[in-house]
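In what follows, a single structure is set out as structure tokens and then discussed.
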There are 2 protein chains.
Amino acid sequence: MRFHEVGLRDGLQIESTVVPTDRKILWAEQSAASGLDIIQLGSFVHPDKVPQMADTDVLFRTLGPRKRGLNGPLHSGLVLNEKGLERGLACGVEMFCMGVSAGETHSRKNTGMSVDEALKRITAMAREAAAAGKIVQASVQSAFGCGFDGPIPESRVLDIVRAYLEAGIRAVSLADTAGHAHPAQVVRLFRAVQELDPGVETAAHFHNTYGLGLANVWAAFEAGVSTFESAFGGLGGCPFTKTAAGNVATEDLVHMFQRMGFRPDIRCDGLVELARDVARFFNRELPGLVYRTGPLDFTRRTDP
Amino acid sequence: MRFHEVGLRDGLQIESTVVPTDRKILWAEQSAASGLDIIQLGSFVHPDKVPQMADTDVLFRTLGPRKRGLNGPLHSGLVLNEKGLERGLACGVEMFCMGVSAGETHSRKNTGMSVDEALKRITAMAREAAAAGKIVQASVQSAFGCGFDGPIPESRVLDIVRAYLEAGIRAVSLADTAGHAHPAQVVRLFRAVQELDPGVETAAHFHNTYGLGLANVWAAFEAGVSTFESAFGGLGGCPFTKTAAGNVATEDLVHMFQRMGFRPDIRCDGLVELARDVARFFNRELPGLVYRTGPLDFTRRTDP
């Protein structure tokens, strides 16, 4: 399995306190030193729209492939449109993440386009990125339910995935943007995606709004998902409400799999230190649990 | 599946603020009105040892079988020794919960007895309760790992369960007292218990110390577990540390299963109201999530 850290993007994008570039670099380096596989450095959106993401190009130029060495993590960047793709290609992004929302209202609010229009645009962008020799992962946002539209028919999610596969995309992420997913649905939907193409690489992205983040991860793992997206400390969602709508916490996620014997190479204590630094920076308690308790001692793992 | 509310016992026993009896009755009645199947009213321990549990007999006398009517929930009580069993029989307990710890240190600290000594005593008590026509559930505490001793060999857990079955006990609960359980272990251990006796009724009791509570519930459900123990608001564990070691929150648990279409008869909004009242009483945020966000509208459940 692979771990994709999206804290620097999905974790920070709704924070009003802008994180200085050197602090972001520190966090990216700490994620890398802990052994995570992919680190999303930011998104390519207009700086006026999301000031927190204004330094994404700088981050790629600073941490890019020439600096990270052969054993370092892959750096990914989220692109929303052609302008973003252009910026990403110019600053050396190796892995492009892009996607459409399965929720019509969410799609229009987010991009000003219908799902169909967005899909045409994204598949064209994916082809362009692939032609430039880049890794592409396409996601379906609100795949398990939409905060605006409620339930999303699974057929609509599968139609989008089919269009991705036809465009030659080999890595597909299903994102539970609103936190509506439940384990039975997760198993069903990921299995259906794999039936469309048994060779497709699947990624899962869950939010913990109703406490189901790790239950959904376990369900996705059982359904054959290989890549898990998460954010340090469980950051994400709106910090101004009581709603704990953050991402699955990276250190909680890694801790769970390490308890089961997977990925002993990852330094969970490094991830805990990172989450603690993030909590100190924002001066508040984060939703994650393991950064508070510390990880269980893995030399004492319970085995049969 | 059945839901066993243990908030009034496992949730409250470590709280320093003693909850007045009439408030406990209110919470028990709210749990009942919401449709939970079993409600644990308290434990029969010496009042000097746990003042919070001093009114357990009063609760049973007030809410006992004659008052609750035919469609109300079952009321359970935890007994630790013969004296407690005597008290429970005297005040009309219908379902007795009892158990031993699989951790030697935990057992000695809790009861002053070795695991073997405790097991002999508990099976004798179980026989006595059954002879009096009572329902008996026996648990293995620290079944998935012990806060003192670390990993617990699965063979030791199965030896205890075997002794329970030989004593005629038909309902067995495995309790993750320290929160060490992980989904793969949960599946393995509950399947092993069912292999000992395919007719045994199994219950699961998880703490959310490392965020794995609901993931473990889902794993247990897949392994055939039929009864789930939880506490309103996710209460439990020590409130004086940063360690969020509470029980699985009842309203989060029910919400998860209702999202999957199970138990639409339970009033999740009633459970949310209850958790909010508990949070107001203790004047602090509880670990549960759904009592903050409110449940998703089930009329908009995502189905294929």
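Chain identifiers are assigned as A, B, and so on, following the order in which chains appear in the structure tokens; residues are numbered from 1 within each chain, and ligands are numbered from 1 in order of appearance.
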- Message: Residues of segment 237-298 of chain A classed as alpha helix (DSSP H) by DSSP on the backbone are to be reported as a PyMOL selection string.
- Response: chain A and resi 250-259+268-282+290-293
Find the residues near Thr177 of chain B: any atom within 7 Å, counting only C-alpha atoms, skip ones fewer than 6 places away on the same chain, and give them as a PDB file with C-alpha atoms, in the first residue's frame.
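Final file, around-v6.pdb:
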```
ATOM      1  CA  GLN B 141     -11.307  -7.812  29.352  1.00  0.00           C
ATOM      2  CA  SER B 142      -8.016  -6.736  27.768  1.00  0.00           C
ATOM      3  CA  PHE B 206     -14.134  -1.283  21.888  1.00  0.00           C
ATOM      4  CA  HIS B 207     -12.411   1.820  23.155  1.00  0.00           C
TER       5      HIS B 207
END
```
Set the distance at 10 Å and use only C-alpha atoms: which residues neighbour Pro264 of chain A once local chain neighbours fewer than 6 positions away are removed? I'd like the list as a compact mmCIF listing (two decimals) with C-alpha atoms, in the first residue's frame.
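Output contents, as saved in around15.txt:
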```
# COMPACT_ATOMS: atom_id res chain seq x y z
CA GLY A 35 8.78 7.58 4.77
CA VAL A 254 -0.33 4.64 9.39
CA HIS A 255 -0.61 3.53 13.01
CA PHE A 257 -1.79 -0.42 9.32
CA GLN A 258 1.42 -0.77 11.30
CA PHE A 298 5.26 -1.78 17.70
```
- Message: Should the cut-off be 9 Å, what would the residue list for chain A against chain B look like, counting only C-alpha atoms, as a ChimeraX atom specification?
- Response: /A:144-145,150-155,180-185,188,208-219,242-245,252-253,255-257,259-260,288-290,292-297,300-304
Residues from last step as file, N, CA and C atoms, as a short mmCIF file (atom, residue, chain, number, x, y, z; two decimals), in the first residue's frame:
```cif
data_model
loop_
_atom_site.label_atom_id
_atom_site.label_comp_id
_atom_site.auth_asym_id
_atom_site.auth_seq_id
_atom_site.Cartn_x
_atom_site.Cartn_y
_atom_site.Cartn_z
N PHE A 144 -19.35 9.54 -2.69
CA PHE A 144 -20.17 8.74 -1.78
C PHE A 144 -21.38 9.51 -1.22
N GLY A 145 -21.61 10.68 -1.80
CA GLY A 145 -22.68 11.52 -1.29
C GLY A 145 -22.19 12.96 -1.32
N GLY A 150 -26.99 15.53 -1.59
CA GLY A 150 -27.32 14.29 -0.89
C GLY A 150 -26.75 13.07 -1.60
N PRO A 151 -27.53 11.99 -1.67
CA PRO A 151 -27.01 10.75 -2.26
C PRO A 151 -26.61 10.93 -3.72
N ILE A 152 -25.57 10.23 -4.10
CA ILE A 152 -25.08 10.24 -5.49
C ILE A 152 -25.28 8.83 -6.04
N PRO A 153 -26.00 8.69 -7.17
CA PRO A 153 -26.17 7.34 -7.74
C PRO A 153 -24.81 6.74 -8.09
N GLU A 154 -24.61 5.49 -7.74
CA GLU A 154 -23.32 4.87 -8.01
C GLU A 154 -23.05 4.78 -9.51
N SER A 155 -24.11 4.70 -10.30
CA SER A 155 -23.94 4.64 -11.75
C SER A 155 -23.27 5.92 -12.27
N HIS A 180 -19.76 11.35 3.84
CA HIS A 180 -20.99 10.55 3.88
C HIS A 180 -20.77 9.05 3.74
N ALA A 181 -19.58 8.64 3.32
CA ALA A 181 -19.35 7.22 2.99
C ALA A 181 -19.55 6.32 4.21
N HIS A 182 -20.03 5.11 3.94
CA HIS A 182 -20.06 4.09 4.99
C HIS A 182 -19.43 2.82 4.43
N PRO A 183 -18.94 1.94 5.32
CA PRO A 183 -18.11 0.82 4.88
C PRO A 183 -18.75 -0.06 3.79
N ALA A 184 -20.03 -0.39 3.91
CA ALA A 184 -20.64 -1.27 2.92
C ALA A 184 -20.63 -0.63 1.53
N GLN A 185 -20.88 0.68 1.51
CA GLN A 185 -20.87 1.44 0.26
C GLN A 185 -19.46 1.50 -0.33
N ARG A 188 -18.60 -1.82 -1.97
CA ARG A 188 -19.40 -1.99 -3.19
C ARG A 188 -18.85 -1.12 -4.34
N ASN A 208 -13.55 12.53 8.01
CA ASN A 208 -14.01 11.87 9.23
C ASN A 208 -15.22 12.54 9.87
N THR A 209 -16.01 13.22 9.08
CA THR A 209 -17.13 14.03 9.59
C THR A 209 -17.99 13.29 10.61
N TYR A 210 -18.33 12.04 10.30
CA TYR A 210 -19.22 11.27 11.18
C TYR A 210 -18.46 10.13 11.88
N GLY A 211 -17.12 10.25 11.90
CA GLY A 211 -16.31 9.28 12.64
C GLY A 211 -16.00 7.99 11.89
N LEU A 212 -16.33 7.95 10.59
CA LEU A 212 -16.20 6.70 9.85
C LEU A 212 -14.91 6.60 9.03
N GLY A 213 -14.01 7.57 9.15
CA GLY A 213 -12.82 7.60 8.32
C GLY A 213 -12.05 6.29 8.28
N LEU A 214 -11.61 5.81 9.44
CA LEU A 214 -10.77 4.62 9.46
C LEU A 214 -11.57 3.35 9.18
N ALA A 215 -12.84 3.33 9.54
CA ALA A 215 -13.69 2.18 9.19
C ALA A 215 -13.78 2.09 7.67
N ASN A 216 -13.91 3.23 7.01
CA ASN A 216 -13.98 3.24 5.56
C ASN A 216 -12.63 2.85 4.93
N VAL A 217 -11.54 3.27 5.56
CA VAL A 217 -10.21 2.87 5.07
C VAL A 217 -10.07 1.35 5.12
N TRP A 218 -10.48 0.77 6.25
CA TRP A 218 -10.37 -0.69 6.39
C TRP A 218 -11.24 -1.39 5.33
N ALA A 219 -12.44 -0.87 5.10
CA ALA A 219 -13.33 -1.44 4.08
C ALA A 219 -12.69 -1.31 2.70
N LYS A 242 -18.26 23.50 14.85
CA LYS A 242 -18.04 22.35 15.73
C LYS A 242 -17.86 21.08 14.91
N THR A 243 -18.21 21.15 13.65
CA THR A 243 -18.17 19.96 12.81
C THR A 243 -16.73 19.53 12.55
N ALA A 244 -16.38 18.38 13.07
CA ALA A 244 -15.02 17.86 12.89
C ALA A 244 -14.95 17.14 11.56
N ALA A 245 -14.80 17.91 10.49
CA ALA A 245 -14.94 17.34 9.16
C ALA A 245 -13.60 17.12 8.50
N ASP A 252 -2.80 8.46 12.40
CA ASP A 252 -3.77 7.45 12.84
C ASP A 252 -3.87 6.33 11.80
N LEU A 253 -3.87 6.73 10.54
CA LEU A 253 -3.95 5.78 9.42
C LEU A 253 -2.74 4.85 9.39
N HIS A 255 -0.62 4.30 11.77
CA HIS A 255 -0.61 3.53 13.01
C HIS A 255 -1.50 2.30 12.90
N MET A 256 -2.69 2.46 12.31
CA MET A 256 -3.61 1.32 12.15
C MET A 256 -2.95 0.23 11.32
N PHE A 257 -2.39 0.60 10.18
CA PHE A 257 -1.79 -0.42 9.32
C PHE A 257 -0.53 -1.03 9.94
N ARG A 259 -0.06 -1.48 13.13
CA ARG A 259 -0.55 -2.43 14.13
C ARG A 259 -0.83 -3.78 13.48
N MET A 260 -1.20 -3.74 12.18
CA MET A 260 -1.51 -4.98 11.48
C MET A 260 -0.30 -5.57 10.77
N GLY A 288 -6.96 14.42 15.07
CA GLY A 288 -6.26 13.14 15.18
C GLY A 288 -6.14 12.67 16.64
N LEU A 289 -6.01 11.37 16.83
CA LEU A 289 -5.89 10.83 18.19
C LEU A 289 -4.48 10.38 18.54
N VAL A 290 -3.80 9.75 17.58
CA VAL A 290 -2.50 9.14 17.90
C VAL A 290 -1.44 10.19 18.23
N ARG A 292 -1.89 12.58 20.07
CA ARG A 292 -2.06 12.90 21.50
C ARG A 292 -1.53 11.78 22.38
N THR A 293 -1.90 10.54 22.01
CA THR A 293 -1.54 9.39 22.85
C THR A 293 -0.12 8.93 22.61
N GLY A 294 0.42 9.22 21.43
CA GLY A 294 1.64 8.57 20.99
C GLY A 294 1.30 7.20 20.46
N PRO A 295 2.09 6.69 19.51
CA PRO A 295 1.77 5.37 18.95
C PRO A 295 2.05 4.27 19.96
N LEU A 296 1.35 3.17 19.80
CA LEU A 296 1.67 1.97 20.59
C LEU A 296 3.05 1.49 20.17
N ASP A 297 3.74 0.89 21.10
CA ASP A 297 5.07 0.35 20.83
C ASP A 297 4.94 -0.86 19.90
N ARG A 300 5.78 -4.44 20.53
CA ARG A 300 4.86 -5.23 21.34
C ARG A 300 3.55 -5.49 20.58
N ARG A 301 3.64 -5.59 19.27
CA ARG A 301 2.45 -5.83 18.45
C ARG A 301 1.80 -7.15 18.85
N THR A 302 0.47 -7.13 18.96
CA THR A 302 -0.27 -8.34 19.33
C THR A 302 -0.40 -9.26 18.14
N ASP A 303 0.25 -10.40 18.21
CA ASP A 303 0.16 -11.36 17.11
C ASP A 303 -0.32 -12.71 17.66
N PRO A 304 -0.76 -13.58 16.77
CA PRO A 304 -1.30 -14.85 17.27
C PRO A 304 -0.21 -15.66 17.99
#
```
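Note that atom CA of Val136 of chain A and atom CA of Ile25 of chain A are 23.2 Å apart.
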- Message: Set the distance at 8 Å and use only C-alpha atoms: which residues neighbour Gln52 of chain A once local chain neighbours fewer than 6 positions away are removed? I'd like the list as a list of chain:residue names.
- Response: A:Leu12, A:Gln13, A:Glu15, A:Ser16, A:Thr17, A:Val18, A:Val19
Hey, can you spit out that residue selection with N, CA and C atoms as a PDB file, in the first residue's frame?
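Done, and the output landed in again23.pdb:
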```pdb
ATOM      1  N   LEU A  12      -4.598  22.417   4.569  1.00  0.00           N
ATOM      2  CA  LEU A  12      -4.354  23.843   4.793  1.00  0.00           C
ATOM      3  C   LEU A  12      -5.302  24.772   4.052  1.00  0.00           C
ATOM      4  N   GLN A  13      -5.920  24.291   2.972  1.00  0.00           N
ATOM      5  CA  GLN A  13      -6.595  25.239   2.077  1.00  0.00           C
ATOM      6  C   GLN A  13      -7.734  26.018   2.739  1.00  0.00           C
ATOM      7  N   GLU A  15      -7.618  26.881   6.014  1.00  0.00           N
ATOM      8  CA  GLU A  15      -7.102  27.586   7.191  1.00  0.00           C
ATOM      9  C   GLU A  15      -6.909  29.066   6.855  1.00  0.00           C
ATOM     10  N   SER A  16      -7.367  29.930   7.756  1.00  0.00           N
ATOM     11  CA  SER A  16      -7.229  31.369   7.482  1.00  0.00           C
ATOM     12  C   SER A  16      -5.805  31.850   7.757  1.00  0.00           C
ATOM     13  N   THR A  17      -5.117  31.221   8.698  1.00  0.00           N
ATOM     14  CA  THR A  17      -3.729  31.594   8.974  1.00  0.00           C
ATOM     15  C   THR A  17      -2.836  31.007   7.882  1.00  0.00           C
ATOM     16  N   VAL A  18      -2.225  31.880   7.087  1.00  0.00           N
ATOM     17  CA  VAL A  18      -1.375  31.389   6.001  1.00  0.00           C
ATOM     18  C   VAL A  18      -0.079  30.830   6.597  1.00  0.00           C
ATOM     19  N   VAL A  19       0.256  29.619   6.196  1.00  0.00           N
ATOM     20  CA  VAL A  19       1.471  28.976   6.689  1.00  0.00           C
ATOM     21  C   VAL A  19       2.651  29.472   5.846  1.00  0.00           C
TER      22      VAL A  19
END
```
- Message: Env of Thr111 of chain B: 12 Å cut, atoms = only C-alpha atoms, seq-sep filter 2 positions within chain, self excluded. Answer as a count of residues only.
- Response: 23
- Please, which residues of segment 22-127 of chain A, numbered as in this document, come out strand (DSSP E) from DSSP, as a ChimeraX atom specification? /A:38-44,74-79,95-101
